[in-house]
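Undergrad: For reference, this is run14.txt, and it has compact mmCIF, C-alpha atoms.
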```
# COMPACT_ATOMS: atom_id res chain seq x y z
CA MET W 1 -100.27 -174.35 44.56
CA SER W 2 -96.59 -174.58 43.51
CA ARG W 3 -93.73 -176.80 44.46
CA VAL W 4 -90.67 -175.24 46.05
CA GLY W 5 -88.46 -176.36 43.18
CA GLU W 6 -90.83 -174.96 40.56
CA ILE W 7 -91.07 -171.52 42.11
CA LEU W 8 -87.31 -171.46 42.63
CA TYR W 9 -86.71 -172.32 38.97
CA TRP W 10 -89.18 -169.66 37.86
CA ALA W 11 -87.42 -167.02 39.94
CA ALA W 12 -83.96 -167.93 38.65
CA GLU W 13 -85.19 -167.76 35.06
CA LYS W 14 -86.88 -164.41 35.63
CA LEU W 15 -83.78 -162.88 37.18
CA SER W 16 -81.49 -164.35 34.56
CA GLN W 17 -83.61 -162.83 31.80
CA ALA W 18 -83.34 -159.47 33.58
CA GLY W 19 -79.54 -159.68 33.50
CA ILE W 20 -78.97 -160.42 37.19
CA GLU W 21 -75.55 -162.08 37.34
CA GLU W 22 -76.16 -164.36 40.33
CA ALA W 23 -79.78 -165.13 39.47
CA GLY W 24 -79.81 -168.62 40.98
CA LEU W 25 -78.14 -167.63 44.23
CA GLU W 26 -80.30 -164.56 44.74
CA SER W 27 -83.47 -166.52 44.00
CA GLU W 28 -82.44 -169.04 46.60
CA ILE W 29 -81.69 -166.35 49.18
CA MET W 30 -85.05 -164.66 48.70
CA LEU W 31 -87.00 -167.92 48.84
CA ARG W 32 -85.17 -169.06 51.95
CA GLU W 33 -86.07 -165.75 53.61
CA GLU W 34 -89.70 -166.07 52.54
CA LEU W 35 -90.06 -169.65 53.78
CA HIS W 36 -87.74 -169.27 56.80
CA LEU W 37 -85.65 -172.24 55.74
CA SER W 38 -81.94 -172.96 55.86
CA ARG W 39 -80.20 -173.80 52.59
CA ALA W 40 -80.25 -177.50 53.41
CA GLU W 41 -83.92 -177.38 54.35
CA LEU W 42 -84.78 -175.58 51.12
CA TYR W 43 -83.24 -178.28 48.98
CA LEU W 44 -84.74 -181.06 51.06
CA ASN W 45 -88.16 -179.55 50.35
CA LEU W 46 -87.83 -178.96 46.59
CA ASN W 47 -90.60 -181.45 45.79
CA ASN W 48 -92.96 -180.20 48.49
CA ASN W 49 -95.80 -177.80 47.81
CA ILE W 50 -95.94 -174.26 49.18
CA GLU W 51 -99.32 -174.43 50.82
CA PHE W 52 -99.93 -170.73 51.41
CA PRO W 53 -100.71 -168.66 48.29
CA ALA W 54 -99.82 -165.47 50.17
CA LEU W 55 -96.21 -166.67 50.48
CA ILE W 56 -96.04 -167.30 46.74
CA ASP W 57 -97.48 -163.88 45.97
CA SER W 58 -95.07 -162.18 48.34
CA PHE W 59 -92.11 -164.02 46.84
CA ARG W 60 -93.16 -163.25 43.27
CA LYS W 61 -93.40 -159.54 44.10
CA LYS W 62 -89.88 -159.58 45.51
CA VAL W 63 -88.56 -161.36 42.44
CA MET W 64 -90.15 -158.77 40.18
CA LEU W 65 -88.60 -155.97 42.23
CA ARG W 66 -85.19 -157.60 41.87
CA ALA W 67 -85.78 -158.10 38.13
CA GLY W 68 -86.29 -154.33 38.05
CA HIS W 69 -82.80 -154.00 39.57
CA VAL W 70 -83.90 -152.93 43.02
CA PRO W 71 -80.92 -153.89 45.24
CA LEU W 72 -81.36 -157.23 46.97
CA ALA W 73 -80.57 -155.72 50.37
CA TYR W 74 -83.39 -153.19 49.97
CA ILE W 75 -85.80 -156.02 49.16
CA LEU W 76 -84.70 -158.12 52.14
CA LYS W 77 -84.56 -154.99 54.34
CA LYS W 78 -81.38 -156.19 56.05
CA VAL W 79 -77.71 -156.93 55.56
CA ARG W 80 -74.85 -158.48 57.54
CA PHE W 81 -71.85 -156.29 58.33
CA MET W 82 -69.02 -157.17 60.74
CA GLY W 83 -71.07 -160.17 61.82
CA LEU W 84 -73.97 -157.93 62.89
CA ASP W 85 -77.47 -157.46 61.49
CA PHE W 86 -78.36 -154.06 60.05
CA LEU W 87 -81.66 -152.74 58.81
CA VAL W 88 -81.31 -151.18 55.36
CA ASP W 89 -83.63 -149.32 53.05
CA GLU W 90 -83.65 -146.40 50.63
CA ARG W 91 -82.77 -143.93 53.39
CA ALA W 92 -79.08 -144.84 53.24
CA MET W 93 -76.41 -146.63 51.26
CA ILE W 94 -76.05 -150.37 51.63
CA PRO W 95 -73.00 -151.27 53.74
CA ARG W 96 -70.21 -152.81 51.64
CA GLN W 97 -67.95 -155.65 52.69
CA GLU W 98 -64.81 -153.62 51.88
CA THR W 99 -65.79 -151.09 54.55
CA GLU W 100 -65.29 -153.79 57.18
CA LEU W 101 -61.55 -153.13 56.76
CA LEU W 102 -62.11 -149.52 57.83
CA VAL W 103 -63.86 -150.68 61.00
CA GLU W 104 -61.11 -153.21 61.74
CA VAL W 105 -58.43 -150.53 61.42
CA VAL W 106 -60.24 -148.17 63.79
CA VAL W 107 -60.84 -150.92 66.36
CA ASN W 108 -57.15 -151.89 66.25
CA CYS W 109 -56.16 -148.26 66.70
CA VAL W 110 -58.33 -147.86 69.80
CA ASN W 111 -57.05 -151.09 71.30
CA ASN W 112 -53.38 -150.42 70.60
CA ALA W 113 -52.91 -146.65 70.71
CA ILE W 114 -55.45 -145.24 73.16
CA ASN W 115 -55.29 -146.22 76.83
CA ARG W 116 -58.55 -144.60 77.94
CA THR W 117 -62.05 -143.95 76.67
CA ALA W 118 -61.70 -142.81 73.06
CA THR W 119 -63.89 -140.11 71.53
CA ILE W 120 -64.70 -141.08 67.95
CA LEU W 121 -66.47 -139.17 65.18
CA ASP W 122 -68.10 -141.04 62.29
CA ILE W 123 -68.74 -138.60 59.43
CA GLY W 124 -71.55 -139.55 57.05
CA THR W 125 -72.82 -142.40 59.19
CA GLY W 126 -75.59 -143.51 56.77
CA SER W 127 -77.08 -146.71 58.14
CA GLY W 128 -74.76 -146.43 61.15
CA ASN W 129 -72.80 -149.51 60.18
CA ILE W 130 -69.40 -148.02 61.06
CA ALA W 131 -70.41 -146.34 64.32
CA VAL W 132 -72.52 -149.27 65.53
CA SER W 133 -69.84 -151.84 64.70
CA ILE W 134 -67.17 -149.85 66.54
CA ALA W 135 -69.48 -149.41 69.53
CA LYS W 136 -70.09 -153.15 69.57
CA LEU W 137 -66.42 -154.08 69.29
CA VAL W 138 -64.82 -151.44 71.53
CA SER W 139 -65.76 -151.18 75.18
CA ASN W 140 -64.01 -147.86 75.86
CA ALA W 141 -65.46 -145.58 73.22
CA GLU W 142 -67.71 -142.52 73.16
CA ILE W 143 -68.99 -142.17 69.61
CA TYR W 144 -70.57 -139.30 67.69
CA ALA W 145 -72.23 -140.19 64.39
CA ILE W 146 -73.23 -137.41 61.99
CA ASP W 147 -75.03 -137.24 58.67
CA ILE W 148 -76.66 -134.48 56.66
CA SER W 149 -79.70 -136.71 56.07
CA GLY W 150 -82.25 -136.85 58.87
CA GLU W 151 -83.68 -140.04 57.39
CA ALA W 152 -80.26 -141.71 57.52
CA ILE W 153 -79.81 -140.61 61.13
CA GLU W 154 -83.13 -142.21 62.06
CA LEU W 155 -82.12 -145.47 60.37
CA ALA W 156 -78.76 -145.40 62.16
CA ARG W 157 -80.55 -144.94 65.49
CA GLN W 158 -82.69 -147.98 64.73
CA ASN W 159 -79.57 -150.03 64.04
CA ALA W 160 -77.94 -148.86 67.27
CA ILE W 161 -81.01 -150.00 69.18
CA LEU W 162 -81.10 -153.29 67.26
CA ASN W 163 -77.51 -154.01 68.25
CA ASN W 164 -77.84 -152.76 71.85
CA VAL W 165 -75.33 -149.91 71.63
CA ALA W 166 -77.64 -146.87 71.50
CA GLU W 167 -76.31 -145.53 74.80
CA LYS W 168 -72.76 -145.36 73.39
CA ILE W 169 -73.56 -143.25 70.31
CA SER W 170 -74.74 -139.66 69.95
CA PHE W 171 -76.46 -139.13 66.59
CA ILE W 172 -76.42 -135.61 65.14
CA GLN W 173 -77.91 -134.36 61.89
CA CYS W 174 -75.49 -131.86 60.38
CA ASP W 175 -73.28 -131.08 57.41
CA LEU W 176 -69.79 -132.29 58.40
CA PHE W 177 -68.63 -130.31 61.47
CA SER W 178 -71.31 -127.61 61.38
CA ALA W 179 -73.17 -128.66 64.55
CA LEU W 180 -70.22 -129.79 66.68
CA ASN W 181 -69.00 -126.48 68.09
CA GLY W 182 -71.35 -126.76 71.02
CA VAL W 183 -70.47 -130.37 71.84
CA GLU W 184 -68.22 -130.83 74.86
CA LEU W 185 -65.35 -132.90 73.50
CA ASN W 186 -62.57 -132.21 76.00
CA GLY W 187 -60.14 -130.96 73.40
CA GLY W 188 -61.41 -132.78 70.34
CA PHE W 189 -61.75 -136.28 68.95
CA ASP W 190 -59.23 -139.07 69.31
CA ILE W 191 -60.37 -140.62 66.02
CA VAL W 192 -62.28 -139.29 63.03
CA VAL W 193 -63.45 -141.91 60.57
CA SER W 194 -65.38 -141.55 57.34
CA ASN W 195 -66.43 -143.36 54.21
CA PRO W 196 -67.54 -140.25 52.33
CA PRO W 197 -69.19 -140.03 48.92
CA TYR W 198 -66.44 -140.52 46.33
CA VAL W 199 -68.11 -141.05 42.96
CA PRO W 200 -67.49 -138.18 40.51
CA SER W 201 -70.81 -136.50 39.70
CA TYR W 202 -70.61 -137.25 36.00
CA ASP W 203 -70.02 -140.96 36.66
CA ILE W 204 -73.18 -141.59 38.67
CA GLU W 205 -75.35 -142.11 35.60
CA LYS W 206 -72.85 -144.72 34.39
CA LEU W 207 -73.18 -146.85 37.51
CA GLN W 208 -75.12 -150.10 37.68
CA PRO W 209 -78.88 -149.58 38.15
CA GLU W 210 -78.66 -151.16 41.61
CA ILE W 211 -76.14 -148.55 42.75
CA GLN W 212 -78.10 -145.72 41.17
CA ALA W 213 -81.06 -146.84 43.30
CA GLU W 214 -79.14 -145.82 46.41
CA PRO W 215 -79.29 -142.22 47.69
CA HIS W 216 -77.31 -140.00 45.31
CA ILE W 217 -76.36 -137.75 48.22
CA ALA W 218 -74.35 -140.69 49.58
CA LEU W 219 -72.66 -141.31 46.21
CA ASP W 220 -71.93 -137.88 44.74
CA GLY W 221 -68.40 -136.76 45.60
CA GLY W 222 -68.43 -133.68 43.42
CA GLU W 223 -66.73 -133.00 40.12
CA ASP W 224 -63.71 -135.22 40.77
CA GLY W 225 -65.16 -137.38 43.56
CA LEU W 226 -62.89 -135.76 46.17
CA ALA W 227 -64.97 -132.80 47.39
CA PHE W 228 -65.69 -134.27 50.82
CA TYR W 229 -62.08 -135.32 51.40
CA ARG W 230 -61.02 -131.70 50.86
CA ARG W 231 -63.63 -130.39 53.29
CA ILE W 232 -62.84 -132.96 55.97
CA ILE W 233 -59.07 -132.51 55.80
CA GLN W 234 -59.33 -128.71 55.67
CA ASP W 235 -61.59 -128.36 58.73
CA LEU W 236 -60.33 -131.33 60.74
CA PRO W 237 -57.50 -129.63 62.74
CA CYS W 238 -60.07 -127.75 64.84
CA TYR W 239 -61.68 -131.02 65.94
CA LEU W 240 -58.85 -133.56 66.20
CA LYS W 241 -56.79 -133.92 69.35
CA LYS W 242 -53.02 -133.78 69.28
CA GLY W 243 -52.02 -137.34 68.50
CA GLY W 244 -55.46 -138.03 67.06
CA TYR W 245 -56.06 -140.21 64.02
CA LEU W 246 -57.97 -139.73 60.79
CA PHE W 247 -59.12 -142.77 58.81
CA LEU W 248 -60.75 -142.41 55.38
CA GLU W 249 -62.01 -144.99 52.93
CA THR W 250 -61.32 -144.12 49.30
CA GLY W 251 -62.29 -145.40 45.88
CA SER W 252 -59.92 -147.18 43.54
CA GLY W 253 -57.19 -144.84 42.27
CA GLN W 254 -57.99 -141.99 44.69
CA ALA W 255 -55.45 -142.69 47.43
CA GLY W 256 -52.61 -140.66 45.92
CA LYS W 257 -54.67 -137.48 45.60
CA VAL W 258 -56.00 -137.79 49.15
CA ILE W 259 -52.47 -138.23 50.49
CA GLU W 260 -51.52 -135.05 48.62
CA MET W 261 -54.30 -133.24 50.48
CA ILE W 262 -52.97 -134.53 53.80
CA LEU W 263 -49.45 -133.34 52.95
CA GLU W 264 -50.67 -129.93 51.83
CA SER W 265 -52.65 -129.46 55.06
CA ARG W 266 -49.45 -129.67 57.15
CA SER W 267 -51.62 -130.95 60.01
CA PHE W 268 -50.30 -134.50 60.19
CA SER W 269 -46.96 -135.79 61.41
CA GLU W 270 -47.57 -139.30 60.06
CA TRP W 271 -49.68 -140.72 57.27
CA GLY W 272 -50.03 -143.77 55.07
CA THR W 273 -52.30 -146.14 53.19
CA ILE W 274 -53.68 -149.60 53.88
CA LYS W 275 -54.50 -151.98 51.05
CA ASP W 276 -57.64 -154.06 50.94
CA TYR W 277 -57.70 -157.76 50.15
CA ASN W 278 -57.64 -157.01 46.42
CA GLY W 279 -54.46 -154.98 46.72
CA ILE W 280 -56.25 -151.62 46.31
CA GLU W 281 -55.10 -148.74 48.53
CA ARG W 282 -58.41 -148.47 50.31
CA ILE W 283 -57.72 -146.75 53.64
CA ILE W 284 -55.90 -143.45 54.11
CA TRP W 285 -54.73 -142.61 57.61
CA GLY W 286 -53.05 -139.65 59.25
CA CYS W 287 -51.87 -138.84 62.77
CA SER W 288 -51.95 -135.23 63.91
CA GLY W 289 -48.86 -135.43 66.12
CA LYS W 290 -47.41 -137.28 69.07
CA ARG W 291 -49.89 -138.10 71.77
CA GLU W 292 -49.35 -136.69 75.25
CA VAL W 293 -47.83 -139.21 77.67
CA ASN W 294 -50.85 -139.11 79.97
CA GLY W 295 -53.19 -139.78 77.02
```
Take the structure I supplied and represent it as structure tokens, if you would.
TA:
Amino acid sequence: MSRVGEILYWAAEKLSQAGIEEAGLESEIMLREELHLSRAELYLNLNNNIEFPALIDSFRKKVMLRAGHVPLAYILKKVRFMGLDFLVDERAMIPRQETELLVEVVVNCVNNAINRTATILDIGTGSGNIAVSIAKLVSNAEIYAIDISGEAIELARQNAILNNVAEKISFIQCDLFSALNGVELNGGFDIVVSNPPYVPSYDIEKLQPEIQAEPHIALDGGEDGLAFYRRIIQDLPCYLKKGGYLFLETGSGQAGKVIEMILESRSFSEWGTIKDYNGIERIIWGCSGKREVNG
């Protein structure tokens, strides 16, 4: 039998020795999840014994996984994004906080620029965090979410069900636009949004072990990290309505090259960038032309 404080100290030491930067915080988070306690309750119970050996064993196994640099979100099997709960596991990338800005921009666009039900395409949906969040926050949206990975599509469906928006999203397994020709879109999409893979292939092995544990197919952006931006921008005119919007998340230092692609495509009448809270040009947007007066 172990006291709460003792097992918490053991976990923090183990993670610290493994080089986990926020060892104390992550130990606390995992133990709170295991014991179903709030932070205040955890610290009020530091001197109490954990009476069930199975709980201790389960917690120790999770700590050892984290010490092996398995991402915390994969161990907890969930993450918060846009104030919503999402299931996460090795089938898809873990949603990042910076991607919340991408969702906010799309939601604002629908609310301010589209006066009817908007058709939205989420390319590379992964866990479904973008599509599900938009569906939750926008009442007048018909959303298509695509991904080349069937496992990711299944996870995204689970998250749509979890957040009660499954009826608003059509999930399709395909490589970019390859399976959309038969979809009745009434002239195309109003909005296309994507957070595509943008890590250069040769940089993947240099990433932190936690990031390398995520699906490489969701990380690998080709030789220069921009392969998917080229494909999306090249093929997009066939699928975007006149006056439709493209929103792309980019990695640090990539915005200028993506804007060059937009200019070279000659498919957009307006374009620009939006900085994240760290001052990085994170979101690239383009508008395909003036929207018809009747929407």
Undergrad: Set the distance at 10 Å and use all atoms listed in the file: which residues neighbour W:Glu104 once local chain neighbours fewer than 6 positions away are removed? I'd like the list as number ranges by chain.
TA: W: 82, 130, 133-134, 137
Undergrad: Looking at W:Gly244, W:Ile283, W:Ser139, W:Asn129, which one is nearest to W:Ala160, with distances taken over all atoms listed in the file?
TA: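 For W:Ala160, the nearest of the given residues is W:Asn129.
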Undergrad: Near W:Phe247, within 8 Å and counting only C-alpha atoms, which residues show up once chain neighbours fewer than 6 positions away are dropped, as a PyMOL selection string?
TA: chain W and resi 102+106+191-194+283-286
Undergrad: Restricting the calculation to all atoms listed in the file, which member of W:Leu87, W:Leu46, W:Leu101, W:Val4 is positioned closest to W:Asn278?
TA: W:Leu101
Undergrad: Would you compute the distance between atom CA of W:Val107 and atom CA of W:Val138? Give it in Å to one decimal.
TA: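 About the pair atom CA of W:Val107 and atom CA of W:Val138: they are 6.5 Å apart.
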Undergrad: Figure out the distance between atom CA of W:Ser170 and atom CA of W:Arg96, please, to one decimal in Å.
TA: 23.0 Å
Undergrad: Do you know which residues are at most 10 Å from W:Leu121 counting all atoms listed in the file, after dropping those on the same chain fewer than 3 positions away, and could you put them as a PyMOL selection string?
TA: chain W and resi 118+124-125+131+142-146+169-170+177+188-194+239-240+246
Undergrad: Of the candidates W:Ser27, W:Ala113, W:Asp89, W:Ile217, which one gets nearest to W:Ser149 if we count all atoms listed in the file?
TA: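 Checking each candidate against W:Ser149, we get W:Ile217 as the closest.
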Undergrad: Quick one, how far is atom CA of W:Gly24 from atom CA of W:Thr99?
TA: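 According to the coordinates, atom CA of W:Gly24 and atom CA of W:Thr99 are separated by 26.2 Å.
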Undergrad: Nearest to W:Lys168 among W:Ala135, W:Leu180, W:Cys287, W:Val199, with distances taken over all atoms listed in the file: which residue is it?
TA: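 Closest to W:Lys168, using all atoms listed in the file: W:Ala135.
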Undergrad: Give me the residues within 12 Å of W:Glu33 as a PyMOL selection string, counting all atoms listed in the file and dropping any in the same chain fewer than 4 places off.
TA: chain W and resi 26-29+37-39+41-42+55+58-59+62+72-73+75-78
Undergrad: Would you please work out which residue, of W:Gln173, W:Asn45, W:Gln254, W:Asn115, is nearest to W:Thr273 when using all atoms listed in the file?
TA: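 Of all the options, W:Gln254 lies closest to W:Thr273.
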Undergrad: Can you work out which one of W:Gln208, W:Ser201, W:Cys238, W:Ile172 has the shortest atom-to-atom distance to W:Gly225, counting all atoms listed in the file?
TA: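 That would be W:Ser201, the residue with the smallest distance to W:Gly225.
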Undergrad: Compile the contact shell of W:Ile7 as a list in words: residues with an atom at most 10 Å away, counting only C-alpha atoms, same-chain residues fewer than 5 positions apart removed.
TA: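 Those residues are Met1, Ser2, Ala12, Glu13, Ser27, Leu31, Leu46, Asn49, Ile50, Ile56, Phe59 and Arg60 of chain W.
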